[in-house]
$ cat final36.txt   # compact mmCIF, C-alpha atoms
# COMPACT_ATOMS: atom_id res chain seq x y z
CA MET A 249 60.66 90.23 130.84
CA LYS A 250 60.87 89.70 127.11
CA ARG A 251 60.46 92.91 125.01
CA SER A 252 58.32 93.04 121.90
CA TRP A 253 59.93 93.63 118.48
CA LYS A 254 58.06 96.94 118.30
CA SER A 255 59.72 98.14 121.46
CA LYS A 256 63.15 97.09 120.17
CA LEU A 257 62.55 98.81 116.82
CA LEU A 258 61.45 101.98 118.58
CA GLU A 259 64.61 102.00 120.67
CA LEU A 260 66.73 101.45 117.56
CA LEU A 261 65.02 104.39 115.87
CA VAL A 262 65.69 106.60 118.89
CA TRP A 263 69.40 105.77 118.85
CA ALA A 264 69.52 106.25 115.06
CA ALA A 265 67.94 109.68 115.57
CA VAL A 266 70.61 110.50 118.17
CA ALA A 267 73.34 109.48 115.67
CA VAL A 268 71.85 111.52 112.82
CA GLY A 269 71.25 114.48 115.16
CA THR A 270 74.89 114.38 116.26
CA ALA A 271 76.05 114.33 112.63
CA VAL A 272 73.77 117.27 111.72
CA VAL A 273 75.00 119.34 114.68
CA LEU A 274 78.62 118.61 113.71
CA VAL A 275 77.98 119.61 110.07
CA MET A 276 76.36 122.87 111.21
CA LEU A 277 79.20 123.58 113.63
CA SER A 278 81.84 122.84 111.01
CA GLU A 279 80.21 125.27 108.56
CA LYS A 280 80.16 127.98 111.22
CA LEU A 281 83.63 127.39 112.65
CA LEU A 282 85.68 126.53 109.58
CA PRO A 283 86.61 129.07 106.91
CA ALA A 284 84.53 128.96 103.73
CA ASN A 285 87.29 127.39 101.63
CA PHE A 286 88.32 124.58 104.03
CA MET B 161 72.97 99.25 136.27
CA ARG B 162 70.32 100.20 133.74
CA TRP B 163 71.75 103.73 133.46
CA LEU B 164 75.13 102.30 132.42
CA HIS B 165 73.39 100.29 129.73
CA VAL B 166 71.63 103.43 128.40
CA ALA B 167 74.80 105.57 128.65
CA GLY B 168 76.71 102.95 126.65
CA LYS B 169 74.12 102.93 123.88
CA PHE B 170 74.08 106.74 123.88
CA LEU B 171 77.85 106.93 123.47
CA ILE B 172 77.76 104.37 120.65
CA SER B 173 75.07 106.44 118.88
CA VAL B 174 77.12 109.64 119.26
CA GLY B 175 80.13 107.75 117.90
CA VAL B 176 78.11 106.65 114.88
CA GLY B 177 77.09 110.33 114.49
CA PHE B 178 80.78 111.34 114.35
CA LEU B 179 81.40 108.65 111.75
CA LEU B 180 78.47 109.89 109.64
CA PHE B 181 79.86 113.43 109.91
CA VAL B 182 83.29 112.32 108.65
CA LEU B 183 81.73 110.32 105.79
CA TRP B 184 79.57 113.28 104.78
CA THR B 185 82.51 115.71 104.98
CA LEU B 186 84.93 113.57 102.96
CA TYR B 187 82.58 111.92 100.45
CA GLY B 188 79.01 113.27 100.66
CA THR B 189 80.06 116.87 100.04
CA GLY B 190 82.01 115.76 96.95
CA ILE B 191 78.97 113.98 95.50
CA TYR B 192 76.88 117.11 96.11
CA THR B 193 79.43 119.36 94.39
CA ALA B 194 79.83 117.00 91.40
CA GLN B 195 76.06 117.13 90.88
CA GLN B 196 76.04 120.93 91.10
CA GLN B 197 79.03 121.19 88.73
CA ARG B 198 77.18 119.21 86.04
CA GLN B 199 74.18 121.55 86.27
CA LEU B 200 76.39 124.65 86.25
CA ALA B 201 78.27 123.39 83.17
CA GLU B 202 75.00 122.90 81.29
CA GLU B 203 73.81 126.36 82.34
CA PHE B 204 77.13 127.94 81.30
CA ASP B 205 77.16 126.20 77.90
CA ARG B 206 73.70 127.60 77.14
CA LEU B 207 74.90 131.21 77.66
CA PRO B 208 75.55 133.12 74.42
CA ALA B 209 79.04 134.43 73.65
CA PHE B 210 79.45 138.14 74.36
CA GLU B 211 80.17 140.50 71.48
CA ARG B 212 83.83 141.45 71.04
CA GLN B 213 82.98 144.37 68.78
CA SER B 214 81.07 147.60 69.34
CA PRO B 215 78.03 148.28 67.11
CA GLU B 216 80.41 150.47 65.03
CA GLY B 217 82.69 147.48 64.45
CA ASN B 218 85.48 148.59 66.78
CA PRO B 219 87.11 145.81 68.84
CA LEU B 220 86.15 145.90 72.53
CA PRO B 221 88.71 145.24 75.29
CA PRO B 222 88.62 141.67 76.66
CA GLY B 223 86.10 141.22 79.42
CA PRO B 224 82.37 141.01 80.00
CA PRO B 225 80.08 143.82 78.81
CA PRO B 226 79.46 146.77 81.15
CA GLY B 227 76.81 145.99 83.76
CA TYR B 228 77.65 142.27 83.88
CA ASP B 229 76.77 141.48 87.51
CA PRO B 230 76.23 137.73 87.93
CA ALA B 231 74.10 136.63 90.89
CA PRO B 232 75.60 134.69 93.81
CA GLY B 233 76.29 131.11 92.72
CA ALA B 234 75.87 131.76 88.98
CA PRO B 235 78.47 130.10 86.69
CA VAL B 236 80.90 132.77 85.46
CA PHE B 237 83.69 130.89 83.72
CA ARG B 238 85.34 127.51 83.31
CA MET B 239 88.83 126.96 84.77
CA HIS B 240 91.26 124.16 84.06
CA LEU B 241 94.45 123.43 85.97
CA PRO B 242 95.87 120.65 83.72
CA THR B 243 98.86 120.02 85.97
CA ILE B 244 96.73 118.91 88.91
CA GLU B 245 93.19 118.30 87.62
CA ASP B 246 91.89 115.99 84.88
CA LYS B 247 88.76 117.99 84.19
CA PRO B 248 87.93 121.69 84.04
CA MET B 249 85.80 123.15 86.84
CA MET B 250 82.96 125.63 86.72
CA VAL B 251 83.72 128.74 88.76
CA VAL B 252 80.74 130.45 90.39
CA GLU B 253 80.20 134.04 91.47
CA GLY B 254 80.93 134.64 95.17
CA VAL B 255 83.19 133.10 97.81
CA ASP B 256 80.84 132.65 100.76
CA THR B 257 80.11 129.22 102.27
CA GLU B 258 77.04 128.54 100.11
CA GLU B 259 78.79 129.48 96.84
CA LEU B 260 81.92 127.42 97.54
CA LYS B 261 79.74 124.34 98.03
CA LEU B 262 79.03 124.56 94.28
CA GLY B 263 82.67 124.85 93.18
CA PRO B 264 85.52 127.36 93.19
CA GLY B 265 84.29 130.92 93.66
CA HIS B 266 85.16 134.19 91.94
CA TYR B 267 85.72 137.10 94.33
CA PRO B 268 82.94 139.62 93.63
CA SER B 269 82.63 143.36 94.13
CA CYS B 270 80.43 144.54 97.02
CA ARG B 271 76.88 144.83 95.66
CA ALA B 272 73.49 143.26 96.27
CA GLY B 273 73.97 139.66 97.45
CA PHE B 274 77.61 140.09 98.52
CA GLU B 275 78.75 141.39 101.89
CA ARG B 276 82.08 142.45 103.35
CA PRO B 277 84.66 141.09 103.90
CA LEU B 278 83.99 138.57 101.10
CA CYS B 279 83.83 141.19 98.36
CA THR B 280 85.93 144.08 97.05
CA ALA B 281 85.24 147.81 97.26
CA TRP B 282 86.43 148.17 93.65
CA ASP B 283 85.08 146.66 90.42
CA GLU B 284 85.62 142.92 90.26
CA ILE B 285 88.06 141.66 87.66
CA PHE B 286 87.29 138.83 85.24
CA PRO B 287 89.77 136.75 83.19
CA GLY B 288 91.33 138.77 80.39
CA GLU B 289 90.85 142.09 82.18
CA LYS B 290 93.61 144.22 83.66
CA GLY B 291 93.78 143.66 87.41
CA ARG B 292 93.59 140.75 89.84
CA VAL B 293 91.14 137.91 89.30
CA ILE B 294 90.72 136.13 92.65
CA VAL B 295 89.42 132.55 92.78
CA SER B 296 88.90 130.72 96.08
CA GLY B 297 88.22 127.00 96.44
CA HIS B 298 87.92 124.14 98.89
CA ARG B 299 91.00 122.08 99.72
CA THR B 300 89.50 119.13 101.62
CA THR B 301 85.72 119.11 101.15
CA TYR B 302 83.06 119.81 98.48
CA GLY B 303 84.91 118.16 95.61
CA GLN B 304 88.31 119.41 96.86
CA PRO B 305 88.96 121.50 93.71
CA PHE B 306 92.27 122.81 95.10
CA TRP B 307 93.39 119.60 96.80
CA ALA B 308 96.72 119.56 94.94
CA LEU B 309 97.18 123.32 94.52
CA ASP B 310 100.48 123.07 96.42
CA GLU B 311 101.84 120.93 93.57
CA MET B 312 101.55 123.74 91.03
CA GLU B 313 104.89 125.11 89.98
CA LYS B 314 106.17 128.23 88.27
CA GLY B 315 105.26 128.10 84.57
CA ASP B 316 102.27 125.75 84.97
CA PRO B 317 99.30 126.83 82.83
CA ILE B 318 95.85 127.87 84.04
CA HIS B 319 93.20 127.95 81.31
CA PHE B 320 89.99 129.97 81.44
CA GLU B 321 87.01 129.58 79.13
CA THR B 322 84.70 132.57 79.32
CA ARG B 323 81.81 133.94 77.24
CA TRP B 324 84.15 136.67 75.94
CA GLY B 325 87.25 134.60 75.09
CA ASP B 326 89.68 131.93 76.22
CA PHE B 327 92.70 132.88 78.29
CA THR B 328 95.84 131.13 79.46
CA TYR B 329 97.76 132.29 82.51
CA ARG B 330 101.11 130.95 83.79
CA VAL B 331 101.98 130.46 87.44
CA THR B 332 104.56 132.97 88.64
CA ASP B 333 104.68 132.46 92.40
CA LYS B 334 103.31 130.53 95.37
CA GLN B 335 102.95 131.75 98.95
CA ILE B 336 101.60 130.64 102.32
CA VAL B 337 100.00 133.35 104.47
CA PRO B 338 98.14 133.38 107.82
CA ALA B 339 94.50 132.29 107.61
CA ASP B 340 93.14 135.76 108.45
CA SER B 341 95.32 137.57 105.93
CA GLN B 342 93.48 139.84 103.50
CA ALA B 343 96.73 140.76 101.75
CA ILE B 344 95.71 139.22 98.43
CA VAL B 345 92.44 141.13 98.22
CA VAL B 346 94.00 144.21 96.64
CA SER B 347 93.74 145.85 93.25
CA SER B 348 96.57 145.30 90.77
CA LYS B 349 97.95 146.88 87.61
CA LYS B 350 98.95 143.49 86.18
CA TYR B 351 96.84 141.02 84.19
CA GLU B 352 96.91 138.39 86.90
CA VAL B 353 95.03 135.58 88.62
CA VAL B 354 95.28 134.58 92.27
CA LEU B 355 94.06 131.17 93.45
CA THR B 356 93.56 130.70 97.18
CA THR B 357 92.68 127.79 99.48
CA CYS B 358 93.21 126.46 103.00
CA ASN B 359 96.59 125.07 103.99
CA PRO B 360 97.81 122.49 104.92
CA LYS B 361 95.41 119.73 103.87
CA TYR B 362 92.79 118.97 106.55
CA SER B 363 93.63 122.23 108.32
CA ALA B 364 92.58 125.86 108.14
CA ALA B 365 95.63 127.22 109.95
CA GLU B 366 97.04 128.97 106.89
CA ARG B 367 96.14 129.94 103.37
CA LEU B 368 97.92 128.82 100.21
CA ILE B 369 98.12 131.38 97.43
CA VAL B 370 99.13 130.78 93.79
CA PHE B 371 99.84 133.75 91.53
CA ALA B 372 99.68 133.62 87.72
CA GLU B 373 99.96 136.14 84.89
CA LEU B 374 98.21 136.33 81.54
CA GLU B 375 100.07 134.70 78.67
CA THR B 376 97.63 134.40 75.75
CA GLU B 377 94.05 135.10 74.84
CA ALA B 378 91.80 133.93 72.03
CA ALA B 379 88.43 135.43 71.11
CA ARG B 380 85.43 133.12 71.11
$ encode --input "final36.txt" --output "structure tokens"
Amino acid sequence: MKRSWKSKLLELLVWAAVAVGTAVVLVMLSEKLLPANF
Amino acid sequence: MRWLHVAGKFLISVGVGFLLFVLWTLYGTGIYTAQQQRQLAEEFDRLPAFERQSPEGNPLPPGPPPGYDPAPGAPVFRMHLPTIEDKPMMVVEGVDTEELKLGPGHYPSCRAGFERPLCTAWDEIFPGEKGRVIVSGHRTTYGQPFWALDEMEKGDPIHFETRWGDFTYRVTDKQIVPADSQAIVVSSKKYEVVLTTCNPKYSAAERLIVFAELETEAAR
């Protein structure tokens, strides 16, 4: 079954959100775990 | 096998997330700090010079006027390490995470806006005053102001531009202490400056400390 471009774009956005979410969680963790002057 | 397909895409996305994190940490934070430093420099340059004489005409000791209590993140003085940095940096009040994102931080006394252990129980010391001025800065991120602090040697100058005068200190010693050491946060009878950052580069295992003593001062 061939998927529509809208469906593909939606999937891409979901994976982009996962990537950005991962980066945000890592930034927050690094600020909590590392000393202030790292 | 659809689940394998989804799991593969998920892992690739998480990997891209790690890459974004590294890019932000190494480059994005530096861009943020550079922007903040420009604003802080403009703010600092607009501040008037403090009087060096009492209303009776008597010279006042070097230092800010009584009651000078800058807010967290406010620019307090300009610092230049010509041996390792091309440009001077604005030093802000406070050494907590949020303040050090703006630039190197001046260790404050414990008062509104500053909480233990990142403040001193005694009056904070500013450049030119008798006692220990403590400045903390990032080594790896947020503009890496102390990236090359380990390259400073005995005799190297440290210049301070303040609203009450310009001061030059000379490096006297360099030490590496455990990361949790609070040994440098003590009062002192010398006219000295202590610079502190994480050590080694890309690690927070230890802390690098550079000591310097006052050499000259010039009124503004």
$ closest_atom_pairs --input "final36.txt" --of "chain A" --to "chain B" --cutoff "10 Å" --atoms "only C-alpha atoms" --output "JSON lines"
{"residue": "A:Leu260", "atom": "CA", "partner": "B:Ser173", "partner_atom": "CA", "distance": 9.8}
{"residue": "A:Val262", "atom": "CA", "partner": "B:Ser173", "partner_atom": "CA", "distance": 9.4}
{"residue": "A:Trp263", "atom": "CA", "partner": "B:Ser173", "partner_atom": "CA", "distance": 5.7}
{"residue": "A:Ala264", "atom": "CA", "partner": "B:Ser173", "partner_atom": "CA", "distance": 6.7}
{"residue": "A:Ala265", "atom": "CA", "partner": "B:Ser173", "partner_atom": "CA", "distance": 8.5}
{"residue": "A:Val266", "atom": "CA", "partner": "B:Ser173", "partner_atom": "CA", "distance": 6.1}
{"residue": "A:Ala267", "atom": "CA", "partner": "B:Gly177", "partner_atom": "CA", "distance": 4.0}
{"residue": "A:Val268", "atom": "CA", "partner": "B:Gly177", "partner_atom": "CA", "distance": 5.6}
{"residue": "A:Gly269", "atom": "CA", "partner": "B:Gly177", "partner_atom": "CA", "distance": 7.2}
{"residue": "A:Thr270", "atom": "CA", "partner": "B:Gly177", "partner_atom": "CA", "distance": 4.9}
{"residue": "A:Ala271", "atom": "CA", "partner": "B:Gly177", "partner_atom": "CA", "distance": 4.5}
{"residue": "A:Val272", "atom": "CA", "partner": "B:Phe181", "partner_atom": "CA", "distance": 7.4}
{"residue": "A:Val273", "atom": "CA", "partner": "B:Phe181", "partner_atom": "CA", "distance": 9.0}
{"residue": "A:Leu274", "atom": "CA", "partner": "B:Phe181", "partner_atom": "CA", "distance": 6.5}
{"residue": "A:Val275", "atom": "CA", "partner": "B:Phe181", "partner_atom": "CA", "distance": 6.5}
{"residue": "A:Ser278", "atom": "CA", "partner": "B:Thr185", "partner_atom": "CA", "distance": 9.4}
{"residue": "A:Glu279", "atom": "CA", "partner": "B:Thr257", "partner_atom": "CA", "distance": 7.4}
{"residue": "A:Lys280", "atom": "CA", "partner": "B:Thr257", "partner_atom": "CA", "distance": 9.0}
{"residue": "A:Leu282", "atom": "CA", "partner": "B:Ala364", "partner_atom": "CA", "distance": 7.1}
{"residue": "A:Pro283", "atom": "CA", "partner": "B:Ala364", "partner_atom": "CA", "distance": 6.9}
{"residue": "A:Ala284", "atom": "CA", "partner": "B:Thr257", "partner_atom": "CA", "distance": 4.7}
{"residue": "A:Asn285", "atom": "CA", "partner": "B:His298", "partner_atom": "CA", "distance": 4.3}
{"residue": "A:Phe286", "atom": "CA", "partner": "B:His298", "partner_atom": "CA", "distance": 5.2}
$ residues_near_point --input "final36.txt" --point "(80.0, 138.8, 79.5)" --cutoff "12 Å" --atoms "only C-alpha atoms" --output "ChimeraX atom specification"
/B:204,207-212,220-230,235-237,285-289,321-325,380
$ write_last_selection --input "final36.txt" --atoms "C-alpha atoms" --output "mmCIF file, in the frame of the given file"
data_model
loop_
_atom_site.group_PDB
_atom_site.id
_atom_site.type_symbol
_atom_site.label_atom_id
_atom_site.label_comp_id
_atom_site.auth_asym_id
_atom_site.auth_seq_id
_atom_site.Cartn_x
_atom_site.Cartn_y
_atom_site.Cartn_z
ATOM 1 C CA PHE B 204 77.130 127.940 81.300
ATOM 2 C CA LEU B 207 74.900 131.210 77.660
ATOM 3 C CA PRO B 208 75.550 133.120 74.420
ATOM 4 C CA ALA B 209 79.040 134.430 73.650
ATOM 5 C CA PHE B 210 79.450 138.140 74.360
ATOM 6 C CA GLU B 211 80.170 140.500 71.480
ATOM 7 C CA ARG B 212 83.830 141.450 71.040
ATOM 8 C CA LEU B 220 86.150 145.900 72.530
ATOM 9 C CA PRO B 221 88.710 145.240 75.290
ATOM 10 C CA PRO B 222 88.620 141.670 76.660
ATOM 11 C CA GLY B 223 86.100 141.220 79.420
ATOM 12 C CA PRO B 224 82.370 141.010 80.000
ATOM 13 C CA PRO B 225 80.080 143.820 78.810
ATOM 14 C CA PRO B 226 79.460 146.770 81.150
ATOM 15 C CA GLY B 227 76.810 145.990 83.760
ATOM 16 C CA TYR B 228 77.650 142.270 83.880
ATOM 17 C CA ASP B 229 76.770 141.480 87.510
ATOM 18 C CA PRO B 230 76.230 137.730 87.930
ATOM 19 C CA PRO B 235 78.470 130.100 86.690
ATOM 20 C CA VAL B 236 80.900 132.770 85.460
ATOM 21 C CA PHE B 237 83.690 130.890 83.720
ATOM 22 C CA ILE B 285 88.060 141.660 87.660
ATOM 23 C CA PHE B 286 87.290 138.830 85.240
ATOM 24 C CA PRO B 287 89.770 136.750 83.190
ATOM 25 C CA GLY B 288 91.330 138.770 80.390
ATOM 26 C CA GLU B 289 90.850 142.090 82.180
ATOM 27 C CA GLU B 321 87.010 129.580 79.130
ATOM 28 C CA THR B 322 84.700 132.570 79.320
ATOM 29 C CA ARG B 323 81.810 133.940 77.240
ATOM 30 C CA TRP B 324 84.150 136.670 75.940
ATOM 31 C CA GLY B 325 87.250 134.600 75.090
ATOM 32 C CA ARG B 380 85.430 133.120 71.110
#
$ residues_around --input "final36.txt" --residues "Val295 in chain B" --least-positions-apart "3" --cutoff "10 Å" --atoms "all atoms listed in the file" --output "JSON, numbers by chain"
{"B": [239, 251, 252, 253, 254, 255, 264, 265, 266, 267, 268, 292, 353, 354, 355, 356, 357, 369, 370]}
$ write_last_selection --input "final36.txt" --atoms "C-alpha atoms" --output "tab-separated table (two decimals), in the coordinates of the input"
chain	number	residue	atom	x	y	z
B	239	MET	CA	88.83	126.96	84.77
B	251	VAL	CA	83.72	128.74	88.76
B	252	VAL	CA	80.74	130.45	90.39
B	253	GLU	CA	80.20	134.04	91.47
B	254	GLY	CA	80.93	134.64	95.17
B	255	VAL	CA	83.19	133.10	97.81
B	264	PRO	CA	85.52	127.36	93.19
B	265	GLY	CA	84.29	130.92	93.66
B	266	HIS	CA	85.16	134.19	91.94
B	267	TYR	CA	85.72	137.10	94.33
B	268	PRO	CA	82.94	139.62	93.63
B	292	ARG	CA	93.59	140.75	89.84
B	353	VAL	CA	95.03	135.58	88.62
B	354	VAL	CA	95.28	134.58	92.27
B	355	LEU	CA	94.06	131.17	93.45
B	356	THR	CA	93.56	130.70	97.18
B	357	THR	CA	92.68	127.79	99.48
B	369	ILE	CA	98.12	131.38	97.43
B	370	VAL	CA	99.13	130.78	93.79
$ atom_distance --input "final36.txt" --atom1 "CA of Lys314 in chain B" --atom2 "CA of Asp246 in chain B"
19.1 Å
$ closest_residue --input "final36.txt" --among "B:Glu313, B:Asp283, B:Pro277, B:Gln196" --to "Ile244 in chain B" --atoms "only C-alpha atoms"
B:Glu313
$ axis_aligned_box --input "final36.txt" --around "range 259-265 of chain A" --padding-each-side "3 Å" --output "JSON"
{"center_x": 67.1, "center_y": 105.6, "center_z": 117.9, "size_x": 10.9, "size_y": 14.2, "size_z": 11.6}
$ atom_distance --input "final36.txt" --atom1 "CA of Pro242 in chain B" --atom2 "CA of Gln199 in chain B"
21.9 Å
$ atom_distance --input "final36.txt" --atom1 "CA of Tyr192 in chain B" --atom2 "CA of Pro305 in chain B"
13.1 Å
$ residues_near_point --input "final36.txt" --point "(83.4, 142.4, 93.4)" --cutoff "7 Å" --atoms "only C-alpha atoms" --output "ChimeraX atom specification"
/B:267-270,279-284
